[in-house]
Every structure is written in structure tokens, then in C-alpha cells.
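Dumped protein-v5.pdb below, it's PDB, C-alpha atoms, pLDDT in the B column:
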MODEL        1
ATOM      1  CA  MET A   1     -27.392  -6.615  95.545  1.00 52.00           C
ATOM      2  CA  MET A   2     -27.833  -7.820  92.071  1.00 56.00           C
ATOM      3  CA  THR A   3     -29.252 -11.127  91.281  1.00 58.00           C
ATOM      4  CA  VAL A   4     -27.789 -12.914  88.298  1.00 57.00           C
ATOM      5  CA  SER A   5     -30.004 -15.314  86.483  1.00 58.00           C
ATOM      6  CA  LYS A   6     -28.332 -18.247  84.898  1.00 64.00           C
ATOM      7  CA  GLY A   7     -30.799 -18.698  82.071  1.00 65.00           C
ATOM      8  CA  LYS A   8     -30.018 -19.673  78.532  1.00 71.00           C
ATOM      9  CA  LYS A   9     -29.796 -17.076  75.779  1.00 73.00           C
ATOM     10  CA  ASP A  10     -32.343 -17.217  73.022  1.00 71.00           C
ATOM     11  CA  LEU A  11     -30.704 -18.919  70.013  1.00 75.00           C
ATOM     12  CA  ASN A  12     -33.323 -17.823  67.494  1.00 76.00           C
ATOM     13  CA  PHE A  13     -31.945 -14.839  65.606  1.00 76.00           C
ATOM     14  CA  GLU A  14     -33.935 -13.094  62.884  1.00 80.00           C
ATOM     15  CA  LEU A  15     -32.086 -11.456  60.022  1.00 82.00           C
ATOM     16  CA  ASN A  16     -34.086  -9.122  57.817  1.00 87.00           C
ATOM     17  CA  LEU A  17     -33.014 -10.061  54.263  1.00 89.00           C
ATOM     18  CA  LEU A  18     -35.440  -7.786  52.441  1.00 92.00           C
ATOM     19  CA  PRO A  19     -32.946  -4.862  52.060  1.00 92.00           C
ATOM     20  CA  VAL A  20     -30.322  -7.284  50.724  1.00 92.00           C
ATOM     21  CA  PHE A  21     -32.762  -8.530  48.085  1.00 93.00           C
ATOM     22  CA  ASP A  22     -33.623  -4.924  47.153  1.00 94.00           C
ATOM     23  CA  ILE A  23     -29.970  -4.025  46.593  1.00 95.00           C
ATOM     24  CA  LEU A  24     -29.357  -7.255  44.682  1.00 95.00           C
ATOM     25  CA  SER A  25     -32.318  -6.625  42.369  1.00 95.00           C
ATOM     26  CA  CYS A  26     -31.114  -3.037  41.725  1.00 94.00           C
ATOM     27  CA  CYS A  27     -27.638  -4.332  40.835  1.00 94.00           C
ATOM     28  CA  ILE A  28     -29.094  -6.897  38.424  1.00 93.00           C
ATOM     29  CA  CYS A  29     -31.305  -4.256  36.775  1.00 91.00           C
ATOM     30  CA  PHE A  30     -28.319  -1.902  36.407  1.00 90.00           C
ATOM     31  CA  LEU A  31     -26.265  -4.684  34.842  1.00 89.00           C
ATOM     32  CA  LEU A  32     -29.007  -5.565  32.344  1.00 87.00           C
ATOM     33  CA  MET A  33     -29.633  -1.923  31.395  1.00 83.00           C
ATOM     34  CA  SER A  34     -25.946  -1.125  30.947  1.00 83.00           C
ATOM     35  CA  VAL A  35     -25.484  -4.124  28.636  1.00 80.00           C
ATOM     36  CA  ALA A  36     -28.466  -3.033  26.556  1.00 71.00           C
ATOM     37  CA  TRP A  37     -27.273   0.597  26.326  1.00 69.00           C
ATOM     38  CA  ILE A  38     -23.762  -0.410  25.342  1.00 68.00           C
ATOM     39  CA  GLN A  39     -25.195  -2.219  22.322  1.00 63.00           C
ATOM     40  CA  ILE A  40     -27.646   0.565  21.449  1.00 65.00           C
ATOM     41  CA  GLY A  41     -25.220   3.444  21.995  1.00 59.00           C
ATOM     42  CA  SER A  42     -22.357   2.002  19.955  1.00 56.00           C
ATOM     43  CA  MET A  43     -21.370   3.427  16.605  1.00 53.00           C
ATOM     44  CA  ASN A  44     -19.362   1.724  13.884  1.00 56.00           C
ATOM     45  CA  VAL A  45     -16.370   3.981  13.243  1.00 54.00           C
ATOM     46  CA  ASN A  46     -13.612   3.378  10.717  1.00 55.00           C
ATOM     47  CA  GLN A  47     -10.182   4.891  11.011  1.00 56.00           C
ATOM     48  CA  ALA A  48      -9.884   7.648   8.419  1.00 52.00           C
ATOM     49  CA  LEU A  49      -6.107   7.623   8.129  1.00 55.00           C
ATOM     50  CA  GLY A  50      -3.341   5.446   9.471  1.00 57.00           C
ATOM     51  CA  ALA A  51      -2.883   1.684   9.542  1.00 56.00           C
ATOM     52  CA  LYS A  52      -5.629   1.079   6.995  1.00 53.00           C
ATOM     53  CA  GLY A  53      -3.742   3.196   4.455  1.00 46.00           C
ATOM     54  CA  GLN A  54      -0.448   1.312   4.919  1.00 51.00           C
ATOM     55  CA  GLY A  55       0.677  -1.811   3.127  1.00 52.00           C
ATOM     56  CA  GLY A  56       2.183  -0.501  -0.087  1.00 55.00           C
ATOM     57  CA  THR A  57      -1.081   0.814  -1.515  1.00 64.00           C
ATOM     58  CA  GLU A  58      -1.510   4.433  -2.373  1.00 72.00           C
ATOM     59  CA  ASN A  59      -3.445   6.472   0.164  1.00 78.00           C
ATOM     60  CA  ALA A  60      -6.846   7.696  -0.885  1.00 83.00           C
ATOM     61  CA  PRO A  61      -7.265  11.423  -1.508  1.00 87.00           C
ATOM     62  CA  ALA A  62      -8.182  13.366   1.604  1.00 88.00           C
ATOM     63  CA  ILE A  63      -9.070  16.882   2.591  1.00 89.00           C
ATOM     64  CA  TRP A  64      -7.581  18.321   5.769  1.00 89.00           C
ATOM     65  CA  ALA A  65      -9.354  21.219   7.460  1.00 90.00           C
ATOM     66  CA  TYR A  66      -7.221  23.120   9.954  1.00 90.00           C
ATOM     67  CA  LEU A  67      -9.106  25.286  12.470  1.00 89.00           C
ATOM     68  CA  ASN A  68      -7.176  28.145  14.043  1.00 83.00           C
ATOM     69  CA  ALA A  69      -8.059  29.908  17.251  1.00 77.00           C
ATOM     70  CA  ASP A  70      -8.422  33.243  15.440  1.00 77.00           C
ATOM     71  CA  GLY A  71     -11.290  31.958  13.283  1.00 75.00           C
ATOM     72  CA  GLN A  72      -9.407  30.802  10.196  1.00 83.00           C
ATOM     73  CA  VAL A  73     -10.261  27.618   8.345  1.00 87.00           C
ATOM     74  CA  ILE A  74      -7.380  26.319   6.224  1.00 87.00           C
ATOM     75  CA  LEU A  75      -8.231  23.665   3.642  1.00 88.00           C
ATOM     76  CA  ASP A  76      -5.584  21.370   2.194  1.00 86.00           C
ATOM     77  CA  VAL A  77      -5.921  18.449  -0.229  1.00 86.00           C
ATOM     78  CA  LYS A  78      -3.652  15.428   0.319  1.00 84.00           C
ATOM     79  CA  ASN A  79      -2.842  12.603  -2.132  1.00 81.00           C
ATOM     80  CA  ALA A  80      -4.594  14.248  -5.071  1.00 78.00           C
ATOM     81  CA  ARG A  81      -3.864  16.900  -7.639  1.00 76.00           C
ATOM     82  CA  VAL A  82      -6.341  19.726  -7.894  1.00 72.00           C
ATOM     83  CA  ALA A  83      -5.756  22.312 -10.608  1.00 64.00           C
ATOM     84  CA  ASN A  84      -4.746  25.737  -9.262  1.00 62.00           C
ATOM     85  CA  TRP A  85      -4.855  24.545  -5.644  1.00 61.00           C
ATOM     86  CA  MET A  86      -2.077  25.339  -3.218  1.00 61.00           C
ATOM     87  CA  GLY A  87      -4.094  25.179  -0.036  1.00 63.00           C
ATOM     88  CA  GLU A  88      -6.479  27.912   0.937  1.00 64.00           C
ATOM     89  CA  SER A  89      -7.051  29.947   4.033  1.00 66.00           C
ATOM     90  CA  ILE A  90     -10.571  31.196   4.654  1.00 65.00           C
ATOM     91  CA  LEU A  91     -10.475  34.214   6.922  1.00 62.00           C
ATOM     92  CA  PRO A  92     -13.279  35.138   9.294  1.00 60.00           C
ATOM     93  CA  GLY A  93     -16.078  37.143   7.754  1.00 58.00           C
ATOM     94  CA  ASN A  94     -15.997  39.591  10.644  1.00 60.00           C
ATOM     95  CA  PRO A  95     -12.548  39.990  12.257  1.00 60.00           C
ATOM     96  CA  ASN A  96     -14.051  41.606  15.365  1.00 66.00           C
ATOM     97  CA  ASP A  97     -15.987  38.524  16.513  1.00 66.00           C
ATOM     98  CA  LYS A  98     -13.851  35.935  14.634  1.00 66.00           C
ATOM     99  CA  SER A  99     -16.902  34.268  13.068  1.00 74.00           C
ATOM    100  CA  VAL A 100     -16.198  32.103  10.044  1.00 78.00           C
ATOM    101  CA  SER A 101     -18.072  32.635   6.787  1.00 81.00           C
ATOM    102  CA  TRP A 102     -19.540  29.131   6.572  1.00 86.00           C
ATOM    103  CA  ASN A 103     -21.038  29.700   3.130  1.00 87.00           C
ATOM    104  CA  ILE A 104     -17.560  30.284   1.698  1.00 86.00           C
ATOM    105  CA  VAL A 105     -16.213  27.186   3.495  1.00 86.00           C
ATOM    106  CA  SER A 106     -19.073  25.119   2.063  1.00 89.00           C
ATOM    107  CA  GLN A 107     -18.498  26.460  -1.452  1.00 88.00           C
ATOM    108  CA  ARG A 108     -14.760  25.729  -1.335  1.00 87.00           C
ATOM    109  CA  ILE A 109     -15.242  22.200   0.006  1.00 88.00           C
ATOM    110  CA  GLN A 110     -17.882  21.559  -2.675  1.00 90.00           C
ATOM    111  CA  ALA A 111     -15.470  22.859  -5.354  1.00 86.00           C
ATOM    112  CA  ILE A 112     -12.740  20.509  -4.086  1.00 86.00           C
ATOM    113  CA  HIS A 113     -15.166  17.579  -4.052  1.00 87.00           C
ATOM    114  CA  ASN A 114     -16.278  18.380  -7.610  1.00 87.00           C
ATOM    115  CA  ALA A 115     -12.642  18.495  -8.765  1.00 86.00           C
ATOM    116  CA  VAL A 116     -11.793  15.207  -7.005  1.00 86.00           C
ATOM    117  CA  PRO A 117     -14.957  13.038  -7.064  1.00 87.00           C
ATOM    118  CA  GLU A 118     -13.231  10.071  -5.393  1.00 88.00           C
ATOM    119  CA  LEU A 119     -12.624  12.218  -2.293  1.00 87.00           C
ATOM    120  CA  LYS A 120     -14.222  10.286   0.586  1.00 89.00           C
ATOM    121  CA  THR A 121     -11.873  11.027   3.501  1.00 89.00           C
ATOM    122  CA  ALA A 122     -11.502  14.176   5.591  1.00 90.00           C
ATOM    123  CA  LEU A 123      -9.561  15.044   8.698  1.00 90.00           C
ATOM    124  CA  VAL A 124     -10.426  17.998  10.922  1.00 90.00           C
ATOM    125  CA  MET A 125      -7.378  19.408  12.712  1.00 91.00           C
ATOM    126  CA  PRO A 126      -8.534  21.725  15.533  1.00 90.00           C
ATOM    127  CA  THR A 127      -6.347  23.588  17.992  1.00 89.00           C
ATOM    128  CA  SER A 128      -6.935  23.640  21.714  1.00 87.00           C
ATOM    129  CA  LYS A 129      -8.584  27.055  21.352  1.00 86.00           C
ATOM    130  CA  SER A 130     -10.939  26.032  18.514  1.00 85.00           C
ATOM    131  CA  GLY A 131     -14.622  26.276  19.338  1.00 84.00           C
ATOM    132  CA  TYR A 132     -16.599  23.060  19.592  1.00 85.00           C
ATOM    133  CA  GLN A 133     -19.362  24.511  17.409  1.00 87.00           C
ATOM    134  CA  ASP A 134     -16.798  25.282  14.690  1.00 87.00           C
ATOM    135  CA  ILE A 135     -15.516  21.694  14.706  1.00 87.00           C
ATOM    136  CA  VAL A 136     -19.047  20.287  14.442  1.00 88.00           C
ATOM    137  CA  HIS A 137     -19.938  22.806  11.719  1.00 90.00           C
ATOM    138  CA  VAL A 138     -16.949  21.783   9.562  1.00 90.00           C
ATOM    139  CA  MET A 139     -17.829  18.111  10.058  1.00 90.00           C
ATOM    140  CA  ASP A 140     -21.441  18.785   9.018  1.00 90.00           C
ATOM    141  CA  ILE A 141     -20.328  20.612   5.874  1.00 91.00           C
ATOM    142  CA  LEU A 142     -17.989  17.761   4.961  1.00 91.00           C
ATOM    143  CA  ARG A 143     -20.744  15.176   5.424  1.00 90.00           C
ATOM    144  CA  GLN A 144     -23.211  17.249   3.380  1.00 91.00           C
ATOM    145  CA  THR A 145     -20.787  17.457   0.454  1.00 90.00           C
ATOM    146  CA  GLY A 146     -20.469  13.668   0.260  1.00 88.00           C
ATOM    147  CA  VAL A 147     -17.350  12.963   2.303  1.00 88.00           C
ATOM    148  CA  SER A 148     -18.196   9.737   4.127  1.00 86.00           C
ATOM    149  CA  ASP A 149     -15.142   9.209   6.377  1.00 87.00           C
ATOM    150  CA  VAL A 150     -14.666  12.239   8.636  1.00 88.00           C
ATOM    151  CA  GLY A 151     -12.133  12.113  11.443  1.00 87.00           C
ATOM    152  CA  ILE A 152     -10.860  14.482  14.118  1.00 87.00           C
ATOM    153  CA  SER A 153      -7.202  14.745  14.992  1.00 84.00           C
ATOM    154  CA  PRO A 154      -6.457  14.503  18.695  1.00 80.00           C
ATOM    155  CA  LEU A 155      -5.100  17.641  20.299  1.00 68.00           C
TER     156      LEU A 155
ENDMDL
END

Could you write out this structure as C-alpha cells?
Amino acid sequence: MMTVSKGKKDLNFELNLLPVFDILSCCICFLLMSVAWIQIGSMNVNQALGAKGQGGTENAPAIWAYLNADGQVILDVKNARVANWMGESILPGNPNDKSVSWNIVSQRIQAIHNAVPELKTALVMPTSKSGYQDIVHVMDILRQTGVSDVGISPL
């Protein structure tokens, strides 16, 4: 038969809090680092077109660059008169691989900027099939020619 002892249970219970402190310190470090990176990684961006242009004032001149999936870049000037300009389509230099002739695009944008020196706004209008490198390349060309406010239209 079994003998049952009627002794008291030990009331001293040890709880190891070291893992809790480790997790808490990791959470605090993550919080501090994320706050610091949010401030460092932020960029001041102004809206190129839209509510800023409303209010009865005339919109500033802008250049719109449409990117087609077949490699065309179509340039259009808005809110400004450029002599002998009806919008221009720049076809790919090589139709087989649909690569754009970026030198021609740069020359045409520079010619537009020379004709309209107050041109400071540009809007890139890609399609869903436009290549990311083409979008970035057009934005780089616009920034190099002196256009300070470059925006991308949402798809």
C-alpha cells in the first residue's frame, strides 16, 4: 500500500526573469532604432500637380512624359506655348529590342527646357508594362536638365 505524507508544499517559487528582460531590451532597442530610421529615411516631397495648383492661379508650365510598353517616349508640354511643338513621340532606336534612344530623349527635353526656362515641373506617366529602368532613366534626364519637381503618375 501507498503511504501518503501530509506535509506542506514548498511555497518558495523561483521565476527566471532573465529571458523576459532580454525580450524587453530587444523591444526597446527596436523601438529606438525604428524612430531614428524614420527620421533619417524620410524625404521632403512636394506634390507636383494637383491641390497646390488650384485656387484661381494659373498652373505652372509642366512637361509630361508618357512611357509606352512598346518603348515609345511621348513628350507633351502643358500650360506653356512652345513654338512648333505639338507633342512628340520618340520611337525606340532599335524596334527589335524596344530600347529607347536616351540621347534623343535628353536632347528633346533640353530643347523644351531652353524654350520654356520657367519649366520646373514634370510628370512621368508610365503604363503597367513600362520598365522600371525606363521610368528612372526619364526621371534622371529630367533632373539633369533642371526640372526640380518630378512626379510619377500612379498606375

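You will find CA of Lys129 in chain A at 11.8 Å from CA of Gln72 in chain A.
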
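The environment of Ser106 in chain A within 12 Å, counting all atoms listed in the file and disregarding residues fewer than 2 places along the same chain, consists of A:Ala65, A:Val73, A:Leu75, A:Ile90, A:Val100, A:Ser101, A:Trp102, A:Asn103, A:Ile104, A:Arg108, A:Ile109, A:Gln110, A:Ala111, A:Ile112, A:His113, A:His137, A:Val138, A:Met139, A:Asp140, A:Ile141, A:Leu142, A:Arg143, A:Gln144, A:Thr145, A:Gly146.
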
Please compute the CA of Lys78 in chain A-CA of Ile63 in chain A distance, one decimal, in Å.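 The value is 6.1 Å.
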
What is the CA of Gln107 in chain A-CA of Trp64 in chain A distance in Å, reported with one decimal?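 A separation of 15.4 Å between them.
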